[in-house]
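Structure data follow from query-v5.txt (compact mmCIF, C-alpha atoms):
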# COMPACT_ATOMS: atom_id res chain seq x y z
CA MET N 8 46.80 -37.99 -93.26
CA THR N 9 50.05 -39.02 -91.61
CA ALA N 10 50.18 -41.73 -88.94
CA HIS N 11 50.60 -38.99 -86.34
CA ASP N 12 47.51 -37.18 -87.67
CA LEU N 13 45.46 -40.36 -87.53
CA GLN N 14 46.53 -41.05 -83.94
CA ALA N 15 45.75 -37.48 -82.92
CA THR N 16 42.32 -37.67 -84.59
CA LEU N 17 41.47 -40.91 -82.82
CA ALA N 18 42.69 -39.58 -79.45
CA HIS N 19 40.43 -36.54 -79.85
CA MET N 20 37.45 -38.66 -80.91
CA GLY N 21 38.03 -41.07 -78.03
CA ALA N 22 38.18 -38.30 -75.44
CA GLU N 23 34.98 -36.77 -76.77
CA ALA N 24 33.28 -40.17 -76.84
CA ARG N 25 34.25 -40.89 -73.22
CA ALA N 26 32.83 -37.56 -72.07
CA ALA N 27 29.68 -38.06 -74.16
CA SER N 28 29.16 -41.60 -72.83
CA ALA N 29 28.98 -40.30 -69.27
CA ARG N 30 26.31 -37.80 -70.29
CA MET N 31 24.39 -40.44 -72.24
CA ALA N 32 24.41 -42.84 -69.28
CA ALA N 33 22.99 -40.10 -67.05
CA SER N 34 20.42 -38.85 -69.59
CA SER N 35 16.71 -39.38 -69.25
CA VAL N 36 14.91 -41.91 -71.39
CA ALA N 37 12.65 -39.06 -72.56
CA GLN N 38 15.68 -37.30 -74.06
CA ARG N 39 16.96 -40.43 -75.74
CA ASN N 40 13.53 -41.23 -77.18
CA ALA N 41 13.17 -37.66 -78.40
CA ALA N 42 16.46 -37.99 -80.28
CA LEU N 43 15.24 -41.21 -81.92
CA HIS N 44 11.95 -39.66 -83.02
CA ALA N 45 13.83 -36.64 -84.35
CA LEU N 46 16.14 -38.93 -86.30
CA ALA N 47 13.23 -40.88 -87.81
CA ARG N 48 11.59 -37.62 -88.89
CA ARG N 49 14.81 -36.31 -90.44
CA LEU N 50 15.47 -39.55 -92.32
CA ARG N 51 12.11 -39.36 -94.03
CA ALA N 52 12.37 -35.61 -94.71
CA GLU N 53 15.87 -35.86 -96.19
CA ARG N 54 15.27 -38.99 -98.27
CA GLY N 55 16.06 -37.22 -101.56
CA ALA N 56 19.37 -35.82 -100.34
CA LEU N 57 20.33 -39.17 -98.81
CA GLN N 58 19.60 -41.02 -102.03
CA ALA N 59 21.56 -38.46 -104.08
CA ALA N 60 24.63 -39.06 -101.90
CA ASN N 61 24.04 -42.80 -102.08
CA ALA N 62 23.78 -42.72 -105.88
CA GLU N 63 27.32 -41.32 -106.03
CA ASP N 64 28.57 -44.16 -103.84
CA VAL N 65 26.78 -46.79 -105.92
CA ALA N 66 28.16 -45.35 -109.17
CA GLY N 67 31.66 -45.29 -107.73
CA ALA N 68 31.36 -48.86 -106.44
CA GLU N 69 30.15 -50.16 -109.81
CA ALA N 70 32.93 -48.31 -111.63
CA ALA N 71 35.47 -49.83 -109.25
CA GLY N 72 34.16 -53.33 -109.97
CA LEU N 73 32.78 -54.02 -106.48
CA ALA N 74 31.11 -57.43 -106.29
CA ALA N 75 27.38 -57.40 -107.04
CA PRO N 76 26.32 -58.56 -103.53
CA LEU N 77 28.29 -55.69 -101.98
CA VAL N 78 26.78 -53.16 -104.39
CA ASP N 79 23.35 -54.52 -103.48
CA ARG N 80 24.09 -53.97 -99.78
CA LEU N 81 25.22 -50.43 -100.54
CA ARG N 82 21.93 -49.20 -101.99
CA LEU N 83 19.68 -46.88 -99.96
CA GLY N 84 16.30 -47.33 -101.59
CA ASP N 85 12.97 -46.05 -100.28
CA ARG N 86 12.37 -49.30 -98.42
CA ALA N 87 15.78 -49.23 -96.73
CA ILE N 88 15.29 -45.67 -95.51
CA GLU N 89 11.80 -46.39 -94.24
CA THR N 90 13.05 -49.52 -92.48
CA VAL N 91 15.72 -47.66 -90.52
CA ALA N 92 13.34 -44.79 -89.74
CA ALA N 93 10.72 -47.24 -88.46
CA GLY N 94 13.48 -49.00 -86.53
CA CYS N 95 14.27 -45.75 -84.69
CA GLU N 96 10.62 -45.44 -83.69
CA GLN N 97 10.42 -49.08 -82.65
CA ILE N 98 13.51 -48.68 -80.46
CA ALA N 99 12.05 -45.52 -78.92
CA ALA N 100 8.91 -47.48 -77.98
CA MET N 101 10.89 -50.17 -76.19
CA PRO N 102 11.39 -50.14 -72.41
CA ASP N 103 14.44 -48.32 -71.12
CA PRO N 104 17.07 -50.96 -70.34
CA ILE N 105 19.26 -48.66 -68.26
CA GLY N 106 19.04 -48.72 -64.48
CA GLU N 107 16.79 -51.76 -64.29
CA ILE N 108 17.53 -53.81 -61.16
CA SER N 109 16.79 -57.52 -61.34
CA GLY N 110 17.09 -60.49 -59.02
CA LEU N 111 17.06 -58.43 -55.82
CA VAL N 112 17.24 -60.94 -52.95
CA GLU N 113 17.62 -60.30 -49.23
CA GLN N 114 20.50 -62.22 -47.69
CA PRO N 115 20.70 -63.57 -44.10
CA SER N 116 22.85 -60.58 -43.19
CA GLY N 117 19.99 -58.22 -44.07
CA ILE N 118 21.54 -56.75 -47.23
CA ARG N 119 19.64 -56.98 -50.49
CA VAL N 120 21.72 -58.01 -53.50
CA GLY N 121 20.76 -57.63 -57.17
CA ARG N 122 22.05 -56.57 -60.55
CA MET N 123 21.62 -53.28 -62.39
CA ARG N 124 21.78 -53.01 -66.17
CA VAL N 125 24.23 -50.34 -67.34
CA PRO N 126 25.67 -49.15 -70.68
CA LEU N 127 28.91 -50.64 -71.96
CA GLY N 128 30.40 -47.17 -72.43
CA VAL N 129 31.91 -46.60 -75.89
CA PHE N 130 31.68 -49.17 -78.66
CA GLY N 131 33.44 -49.06 -81.98
CA MET N 132 31.68 -50.26 -85.11
CA ILE N 133 33.59 -51.23 -88.25
CA TYR N 134 31.45 -52.21 -91.20
CA GLU N 135 31.39 -52.53 -94.98
CA SER N 136 28.94 -51.53 -97.68
CA ARG N 137 25.69 -51.24 -95.72
CA PRO N 138 25.05 -47.53 -94.95
CA ASN N 139 21.89 -48.46 -93.01
CA VAL N 140 24.24 -49.79 -90.31
CA THR N 141 25.14 -46.18 -89.54
CA ILE N 142 21.58 -45.56 -88.38
CA GLU N 143 21.11 -48.94 -86.72
CA ALA N 144 24.30 -48.48 -84.69
CA ALA N 145 23.50 -44.87 -83.83
CA SER N 146 19.92 -45.59 -82.76
CA LEU N 147 20.91 -48.49 -80.54
CA ALA N 148 23.73 -46.46 -79.02
CA ILE N 149 21.33 -43.63 -78.21
CA LYS N 150 18.67 -45.81 -76.60
CA SER N 151 21.20 -47.89 -74.63
CA GLY N 152 22.93 -44.81 -73.24
CA ASN N 153 26.23 -45.55 -74.96
CA ALA N 154 28.53 -43.53 -77.17
CA CYS N 155 29.98 -44.99 -80.37
CA ILE N 156 32.66 -44.38 -82.97
CA LEU N 157 31.68 -45.63 -86.42
CA ARG N 158 33.99 -46.53 -89.28
CA GLY N 159 32.14 -47.47 -92.45
CA GLY N 160 33.64 -48.68 -95.70
CA SER N 161 35.20 -46.23 -98.15
CA GLU N 162 32.65 -47.31 -100.77
CA ALA N 163 29.83 -45.80 -98.64
CA ILE N 164 31.55 -42.67 -97.34
CA ARG N 165 29.15 -40.14 -98.90
CA SER N 166 26.07 -42.04 -97.71
CA ASN N 167 27.48 -42.49 -94.21
CA LEU N 168 28.43 -38.82 -93.89
CA ALA N 169 24.93 -37.72 -94.94
CA LEU N 170 23.30 -40.12 -92.46
CA TRP N 171 25.68 -39.21 -89.63
CA ARG N 172 24.92 -35.50 -89.96
CA LEU N 173 21.24 -36.27 -89.43
CA VAL N 174 22.16 -38.22 -86.29
CA GLN N 175 24.15 -35.29 -84.93
CA ASP N 176 21.29 -32.89 -85.63
CA ALA N 177 18.82 -35.21 -83.87
CA LEU N 178 21.07 -35.51 -80.79
CA ALA N 179 21.48 -31.75 -80.57
CA GLU N 180 17.73 -31.22 -80.95
CA ALA N 181 17.14 -33.51 -77.95
CA GLY N 182 19.77 -31.76 -75.83
CA LEU N 183 22.21 -34.68 -76.00
CA PRO N 184 25.90 -34.47 -76.94
CA PRO N 185 26.44 -34.83 -80.71
CA ALA N 186 29.80 -36.45 -79.90
CA ALA N 187 27.88 -39.47 -78.60
CA VAL N 188 27.84 -40.73 -82.21
CA GLN N 189 31.00 -40.06 -84.19
CA LEU N 190 31.99 -41.12 -87.67
CA VAL N 191 35.56 -41.64 -88.85
CA GLN N 192 35.67 -39.28 -91.81
CA THR N 193 38.87 -40.54 -93.38
CA THR N 194 38.88 -43.57 -95.66
CA ASP N 195 42.48 -44.39 -94.69
CA ARG N 196 42.47 -48.10 -93.79
CA ALA N 197 45.18 -47.52 -91.19
CA MET N 198 42.48 -46.04 -88.96
CA VAL N 199 40.95 -49.51 -88.57
CA GLY N 200 44.14 -50.83 -86.99
CA LEU N 201 44.35 -47.86 -84.65
CA LEU N 202 40.70 -48.11 -83.63
CA VAL N 203 40.81 -51.78 -82.64
CA ALA N 204 43.94 -51.24 -80.57
CA ALA N 205 42.68 -48.27 -78.54
CA PRO N 206 41.32 -49.50 -75.17
CA GLU N 207 41.56 -45.95 -73.85
CA ALA N 208 38.93 -44.92 -76.41
CA ILE N 209 36.86 -48.09 -76.99
CA ASP N 210 35.31 -50.65 -74.64
CA VAL N 211 34.24 -53.17 -77.29
CA ILE N 212 34.62 -53.50 -81.08
CA ILE N 213 31.82 -54.82 -83.29
CA PRO N 214 32.91 -55.69 -86.85
CA ARG N 215 30.30 -56.23 -89.54
CA GLY N 216 31.57 -57.23 -92.94
CA GLY N 217 33.42 -59.87 -94.88
CA LYS N 218 35.39 -62.72 -93.38
CA GLY N 219 38.71 -61.07 -94.19
CA LEU N 220 37.82 -57.90 -92.31
CA ILE N 221 36.54 -59.76 -89.27
CA GLU N 222 39.54 -62.11 -89.14
CA ARG N 223 41.87 -59.10 -89.26
CA ILE N 224 40.04 -57.33 -86.45
CA ALA N 225 39.92 -60.45 -84.27
CA ARG N 226 43.67 -60.87 -84.81
CA GLU N 227 44.68 -57.26 -84.12
CA ALA N 228 42.17 -56.14 -81.50
CA ARG N 229 43.27 -55.16 -78.02
CA VAL N 230 39.68 -54.75 -76.86
CA PRO N 231 36.86 -57.34 -76.72
CA VAL N 232 35.25 -58.18 -80.07
CA ILE N 233 31.63 -59.18 -80.74
CA LYS N 234 31.76 -60.96 -84.10
CA HIS N 235 30.72 -63.60 -86.55
CA LEU N 236 32.95 -64.79 -89.38
CA ASP N 237 30.53 -66.59 -91.72
CA GLY N 238 26.86 -67.06 -92.39
CA ASN N 239 26.85 -70.68 -93.59
CA CYS N 240 23.18 -71.29 -92.76
CA HIS N 241 21.45 -74.65 -93.25
CA VAL N 242 17.92 -75.79 -94.01
CA TYR N 243 17.23 -79.43 -93.10
CA VAL N 244 14.13 -81.10 -94.57
CA ASP N 245 13.22 -83.89 -92.16
CA ALA N 246 11.54 -87.17 -93.02
CA SER N 247 8.22 -85.93 -91.61
CA ALA N 248 8.25 -82.48 -93.24
CA ASP N 249 5.20 -81.04 -94.96
CA LEU N 250 6.69 -80.81 -98.44
CA GLU N 251 4.57 -77.88 -99.61
CA MET N 252 5.76 -75.88 -96.60
CA ALA N 253 9.30 -77.12 -97.12
CA LEU N 254 9.30 -75.88 -100.71
CA ALA N 255 8.11 -72.41 -99.74
CA VAL N 256 10.47 -72.04 -96.78
CA THR N 257 13.54 -73.41 -98.57
CA ASP N 258 12.91 -71.17 -101.57
CA ASN N 259 12.56 -68.12 -99.33
CA ALA N 260 15.60 -68.96 -97.21
CA LYS N 261 17.79 -69.15 -100.32
CA THR N 262 16.36 -66.81 -102.94
CA GLN N 263 14.50 -63.99 -101.14
CA LYS N 264 17.86 -62.21 -101.12
CA TYR N 265 21.26 -63.74 -101.80
CA SER N 266 23.61 -61.29 -100.10
CA PRO N 267 22.63 -61.36 -96.38
CA CYS N 268 24.47 -63.53 -93.90
CA ASN N 269 21.17 -65.24 -92.93
CA ALA N 270 20.46 -66.58 -96.42
CA ALA N 271 20.58 -70.38 -96.63
CA GLU N 272 23.78 -71.72 -98.18
CA SER N 273 23.26 -75.45 -97.63
CA LEU N 274 20.25 -77.75 -98.01
CA LEU N 275 20.09 -81.12 -96.26
CA VAL N 276 17.29 -83.52 -97.20
CA HIS N 277 16.35 -86.77 -95.45
CA ALA N 278 16.68 -89.78 -97.75
CA ASP N 279 13.03 -90.75 -97.15
CA VAL N 280 11.71 -87.57 -98.78
CA ALA N 281 14.53 -86.89 -101.24
CA PRO N 282 12.75 -88.58 -104.20
CA ALA N 283 9.66 -86.42 -103.71
CA PHE N 284 11.29 -83.19 -102.59
CA LEU N 285 14.52 -82.74 -104.52
CA PRO N 286 13.07 -82.71 -108.08
CA ARG N 287 10.54 -80.07 -106.97
CA ILE N 288 12.98 -77.77 -105.20
CA GLY N 289 15.42 -78.39 -108.05
CA ALA N 290 12.85 -77.04 -110.49
CA VAL N 291 12.34 -73.95 -108.30
CA PHE N 292 16.08 -73.32 -108.21
CA ALA N 293 16.47 -74.01 -111.93
CA ALA N 294 13.80 -71.40 -112.72
CA LYS N 295 15.77 -68.86 -110.66
CA ASP N 296 19.14 -69.88 -112.10
CA VAL N 297 20.48 -71.12 -108.76
CA GLU N 298 23.46 -73.43 -109.10
CA MET N 299 23.22 -76.63 -107.01
CA ARG N 300 26.44 -78.21 -105.79
CA ALA N 301 25.20 -81.63 -104.87
CA ASP N 302 26.49 -84.87 -103.40
CA PRO N 303 25.90 -88.14 -105.33
CA GLY N 304 22.69 -88.87 -103.43
CA ALA N 305 21.20 -85.51 -104.36
CA LEU N 306 22.50 -85.61 -107.96
CA ALA N 307 20.56 -88.82 -108.48
CA TRP N 308 17.26 -86.97 -107.94
CA LEU N 309 18.26 -83.64 -109.53
CA ARG N 310 19.91 -84.71 -112.80
CA ASP N 311 16.61 -84.99 -114.69
CA VAL N 312 15.35 -81.53 -113.68
CA PRO N 313 15.09 -79.42 -116.87
CA GLY N 314 17.52 -76.50 -116.89
CA ALA N 315 19.11 -77.43 -113.56
CA ARG N 316 22.63 -76.05 -113.01
CA LEU N 317 24.33 -78.99 -111.32
CA VAL N 318 27.91 -79.32 -110.07
CA PRO N 319 29.27 -82.26 -108.05
CA ALA N 320 29.94 -80.94 -104.54
CA ALA N 321 33.51 -80.68 -103.29
CA GLU N 322 34.40 -81.00 -99.62
CA SER N 323 34.87 -77.22 -99.42
CA ASP N 324 31.26 -76.61 -100.51
CA TRP N 325 29.88 -77.84 -97.19
CA SER N 326 31.48 -74.95 -95.30
CA GLU N 327 31.12 -72.24 -97.95
CA GLU N 328 29.27 -68.93 -97.57
CA TYR N 329 28.37 -68.15 -101.17
CA LEU N 330 26.36 -64.90 -100.87
CA ALA N 331 25.26 -65.75 -104.41
CA PRO N 332 22.72 -67.92 -106.31
CA ILE N 333 24.57 -71.10 -105.33
CA ILE N 334 23.55 -73.70 -102.76
CA SER N 335 25.10 -76.96 -101.61
CA VAL N 336 22.72 -79.94 -101.44
CA LYS N 337 23.19 -83.21 -99.56
CA VAL N 338 21.00 -86.23 -98.81
CA VAL N 339 21.32 -87.47 -95.23
CA GLY N 340 20.13 -90.72 -93.74
CA SER N 341 18.99 -89.50 -90.36
CA LEU N 342 18.42 -86.55 -88.03
CA ASP N 343 21.67 -87.51 -86.29
CA GLU N 344 23.57 -87.16 -89.55
CA ALA N 345 21.97 -83.77 -90.25
CA ILE N 346 22.84 -82.41 -86.80
CA GLY N 347 26.38 -83.78 -87.04
CA HIS N 348 26.87 -82.22 -90.49
CA ILE N 349 25.61 -78.81 -89.35
CA ASN N 350 27.76 -78.77 -86.23
CA ARG N 351 30.83 -79.81 -88.22
CA TYR N 352 30.51 -77.57 -91.27
CA GLY N 353 28.21 -74.76 -90.15
CA SER N 354 29.26 -71.34 -88.90
CA HIS N 355 27.01 -71.42 -85.80
CA HIS N 356 24.91 -68.57 -87.21
CA THR N 357 21.39 -69.78 -88.12
CA ASP N 358 20.03 -73.22 -88.97
CA ALA N 359 16.48 -74.46 -89.55
CA ILE N 360 14.62 -77.77 -89.46
CA LEU N 361 11.42 -78.33 -91.44
CA THR N 362 9.46 -81.10 -89.73
CA ASP N 363 6.11 -82.20 -88.34
CA SER N 364 7.83 -84.23 -85.63
CA HIS N 365 7.89 -82.63 -82.20
CA ALA N 366 10.64 -85.00 -81.12
CA SER N 367 12.84 -84.12 -84.10
CA ALA N 368 12.23 -80.40 -83.62
CA THR N 369 13.11 -80.60 -79.94
CA ARG N 370 16.33 -82.49 -80.59
CA PHE N 371 17.32 -80.06 -83.34
CA LEU N 372 16.72 -77.05 -81.08
CA ARG N 373 18.75 -78.54 -78.25
CA GLU N 374 21.61 -80.10 -80.18
CA VAL N 375 22.40 -77.73 -83.04
CA ASP N 376 25.12 -75.40 -81.73
CA SER N 377 24.09 -72.15 -83.40
CA ALA N 378 23.14 -68.65 -82.32
CA SER N 379 19.68 -68.99 -83.88
CA VAL N 380 17.92 -72.34 -84.37
CA MET N 381 14.55 -72.45 -86.11
CA VAL N 382 11.66 -74.84 -86.61
CA ASN N 383 9.51 -74.49 -89.75
CA ALA N 384 10.68 -70.95 -90.52
CA SER N 385 13.02 -69.30 -93.01
CA THR N 386 16.57 -68.53 -91.89
CA ARG N 387 15.97 -65.02 -93.28
CA PHE N 388 14.15 -64.20 -90.04
CA ALA N 389 17.48 -64.15 -88.16
CA ASP N 390 17.50 -60.39 -87.89
CA GLY N 391 17.19 -57.89 -85.06
CA PHE N 392 14.24 -56.12 -86.65
CA GLU N 393 12.37 -59.39 -87.21
CA TYR N 394 13.17 -60.51 -83.65
CA GLY N 395 11.55 -57.37 -82.25
CA LEU N 396 14.84 -55.75 -81.23
CA GLY N 397 14.10 -52.65 -83.30
CA ALA N 398 17.45 -52.98 -85.02
CA GLU N 399 20.63 -54.92 -84.59
CA ILE N 400 24.24 -53.93 -84.19
CA GLY N 401 25.31 -57.24 -85.69
CA ILE N 402 24.90 -60.98 -85.27
CA SER N 403 27.25 -62.68 -82.86
CA THR N 404 28.28 -66.31 -83.13
CA ASP N 405 30.42 -66.00 -80.00
CA LYS N 406 29.23 -67.70 -76.82
CA PHE N 407 29.94 -64.98 -74.30
CA HIS N 408 27.99 -61.83 -73.43
CA ALA N 409 25.87 -61.56 -76.59
CA ARG N 410 24.82 -64.30 -79.03
CA GLY N 411 22.69 -64.01 -82.15
CA PRO N 412 21.25 -60.63 -83.21
CA VAL N 413 22.69 -58.02 -80.86
CA GLY N 414 20.17 -55.35 -79.87
CA LEU N 415 19.74 -53.13 -76.84
CA GLU N 416 20.51 -55.74 -74.21
CA GLY N 417 23.68 -56.79 -76.02
CA LEU N 418 24.99 -53.23 -75.67
CA THR N 419 24.60 -53.27 -71.91
CA SER N 420 26.28 -55.01 -69.02
CA GLN N 421 25.29 -55.67 -65.44
CA LYS N 422 26.85 -54.60 -62.20
CA TRP N 423 26.10 -55.89 -58.74
CA VAL N 424 24.20 -53.54 -56.44
CA VAL N 425 23.85 -53.95 -52.69
CA LEU N 426 21.13 -52.18 -50.70
CA GLY N 427 21.53 -52.01 -46.99
CA ARG N 428 20.23 -50.34 -43.82
CA GLY N 429 23.50 -49.98 -41.94
CA GLU N 430 24.51 -53.66 -41.91
CA VAL N 431 28.14 -54.49 -41.07
CA ARG N 432 29.87 -57.81 -41.67
CA ARG N 433 30.59 -59.87 -38.57

I'd like the structure from this file rewritten - as structure tokens, please.
Amino acid sequence: MTAHDLQATLAHMGAEARAASARMAASSVAQRNAALHALARRLRAERGALQAANAEDVAGAEAAGLAAPLVDRLRLGDRAIETVAAGCEQIAAMPDPIGEISGLVEQPSGIRVGRMRVPLGVFGMIYESRPNVTIEAASLAIKSGNACILRGGSEAIRSNLALWRLVQDALAEAGLPPAAVQLVQTTDRAMVGLLVAAPEAIDVIIPRGGKGLIERIAREARVPVIKHLDGNCHVYVDASADLEMALAVTDNAKTQKYSPCNAAESLLVHADVAPAFLPRIGAVFAAKDVEMRADPGALAWLRDVPGARLVPAAESDWSEEYLAPIISVKVVGSLDEAIGHINRYGSHHTDAILTDSHASATRFLREVDSASVMVNASTRFADGFEYGLGAEIGISTDKFHARGPVGLEGLTSQKWVVLGRGEVRR
């Protein structure tokens, strides 16, 4: 397609999305829930066709030499399809966020002032590899009364097209405009630049992908962006930690799955428990072929672990998002040092403390500057589905509007409403 064709396509999609967003905002929650249930039913019924389309994408990605973590994110297995179908049903069961008035207070003048929750309008979603994002974005858009324009990665185009057609069928079945969820059908990368610079079509852009993609979008966007750049998540084992629990949680946070942005990339261990803890977690990592990039304090307790893959840590390791069987390891002398390290090197995504000390847990929760902060739990729980949001549109490390997993509420705004009985200002 020529540049003119791309601009014309986007202008048409934007106009349709604007019209559809008005209808979605005015639709009944019964209609929106019906569309979500129809989508869940269709996902399960069309599993075979979806997986056939996905198999073509996976084969193409492997032939093109796509990195293993990205290929892993691309797969649409039975579990992935069931998860997004169940997510649609979970979102349908949630209260309707639209039109809710909160904080209504009568003023001395007699007027009552409050805030009403309303849809954002049209959001654009740009994402890589994960075709399940097509359904997560669509389902959240439907329930929140928004319209959306989706642009997935070229490596997932067949999967995304197959999923999007089910969304359109579900919207039509519920009497809602199919244009409420649109998919950019060209793989031309120039469309990304046009989409993020189209305030007439888009109210907010949500990128979900690698650091390079998100940095580009943040640099070029002419509309607000909800984003996170890295998932450099930390696990800190405190001096008072239950070491059996710490072993299980640290192992899960790192090795349950290497590719997600909520997998642990850095392990901090208090010096008081390092002699007891590090050889044990080192053995767990050695058995799973996880490379440990360790500071001198950690190397002292890891070097005798049979089969351990050890590398002296470089300064760059403390801020690295590996998305691979690699973890940085550091011994710290205090809770203060752990918090300072996380706030300096972390990406403000998700960080966890493992401790039996209420005082340490409280300080960690209050002082670690991250979107999700956890006590005695795996960082892998930083997920919209696990948080009870039904699904997530992304995870934001920004500090305005939405922070952490962005679900229904993150796709809405509030406007002031004033209820009166003929009052006039004097």

If I take CA of Arg158 in chain N and CA of Gly238 in chain N, how far is one from the other in Å, to one decimal?
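About the pair CA of Arg158 in chain N and CA of Gly238 in chain N: they are 22.0 Å apart.
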
Of the listed residues N:His19, N:Arg370, N:Arg39, N:Arg30, that which approaches Glu180 in chain N most closely, counting all atoms listed in the file:
N:Arg39

Ala99 in chain N surroundings by only C-alpha atoms, 10 Å radius, close-in-sequence under 6 positions cut, as a list in words
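Listing them by chain and then by number gives Val36, Ala37, Arg39, Asn40, Ala41, Ala42, Leu43, His44, Ala93, Ser146, Leu147, Ile149, Lys150 and Gly397 of chain N.
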
Restricting the calculation to only C-alpha atoms: of N:Lys234, N:Arg310, N:Arg137, N:Arg49, which residue gets closest to Val211 in chain N?
N:Lys234

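With all atoms listed in the file as the atoms that count, the minimum distance from Glu63 in chain N to the choices N:Ser326, N:Asn167, N:Ser385, N:Thr404 is reached by N:Asn167.
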
Take the point (18.5, -95.4, -98.8) as written in the file and pick out every residue within 12 Å of it, counting only C-alpha atoms; give the list as a ChimeraX atom specification.
/N:277-282,304-305,307,338-341

Could you save those same residues with C-alpha atoms as a compact mmCIF listing (two decimals), in the coordinates of the input?
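Printed below is again10.txt as written:
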# COMPACT_ATOMS: atom_id res chain seq x y z
CA HIS N 277 16.35 -86.77 -95.45
CA ALA N 278 16.68 -89.78 -97.75
CA ASP N 279 13.03 -90.75 -97.15
CA VAL N 280 11.71 -87.57 -98.78
CA ALA N 281 14.53 -86.89 -101.24
CA PRO N 282 12.75 -88.58 -104.20
CA GLY N 304 22.69 -88.87 -103.43
CA ALA N 305 21.20 -85.51 -104.36
CA ALA N 307 20.56 -88.82 -108.48
CA VAL N 338 21.00 -86.23 -98.81
CA VAL N 339 21.32 -87.47 -95.23
CA GLY N 340 20.13 -90.72 -93.74
CA SER N 341 18.99 -89.50 -90.36

Tell me which protein, DNA and RNA residues are within 12 Å of Ala26 in chain N, counting all atoms listed in the file, leaving out same-chain ones fewer than 4 positions away, and put them as number ranges by chain.
N: 19-22, 30-33, 128-129, 153-155, 183-188, 208

Would you mind reading off the distance between CA of Ile108 in chain N and CA of Met123 in chain N, one decimal, in Å?
4.3 Å

Restricting to all atoms listed in the file, whichever of N:Leu361, N:Cys240, N:Ala163, N:Met8 is closest to Tyr134 in chain N is N:Ala163

Using only C-alpha atoms, what residues lie at most 9 Å away from (31.8, -39.3, -101.5) (file coordinates), given as an MDAnalysis selection string?
chainID N and resid 60:61 63:64 67 161:166 168

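Among the candidates N:Gly417, N:Gly391, N:Gly427, N:Pro102, the residue lying nearest to Thr90 in chain N is N:Gly391 (atoms considered: all atoms listed in the file).
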
Of the candidates N:Ile212, N:Ala345, N:Leu220, N:Leu306, which shows the shortest atom-to-atom distance to Leu275 in chain N, using only C-alpha atoms?
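Going through N:Ile212, N:Ala345, N:Leu220, N:Leu306 one by one, the smallest distance to Leu275 in chain N is for N:Ala345.
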
Just give me the gap between CA of Arg316 in chain N and CA of Lys261 in chain N in Å, one decimal is fine.
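Taking CA of Arg316 in chain N and CA of Lys261 in chain N, their separation equals 15.2 Å.
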
Could you pull the residues within 10 Å of Thr386 in chain N, counting all atoms listed in the file, minus those fewer than 6 positions along the same chain, as a list in words?
Cys240, His241, Val242, Val256, Thr257, Asn259, Ala260, Lys261, Cys268, Asn269, Ala270, Ala271, His356, Thr357, Asp358, Ala359, Ile360, Ser379 and Val380 of chain N

Non-local contacts of Arg215 in chain N (7 Å; only C-alpha atoms; under 4 positions in same chain excluded) as a list of chain:residue names
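Answer for this query is N:Ile133, N:Tyr134, N:Glu135, N:Gly401.
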
Selection near Pro231 in chain N, 9 Å with only C-alpha atoms, sequence-local residues under 2 positions removed, as an MDAnalysis selection string
chainID N and resid 210:213 225 228:229 233
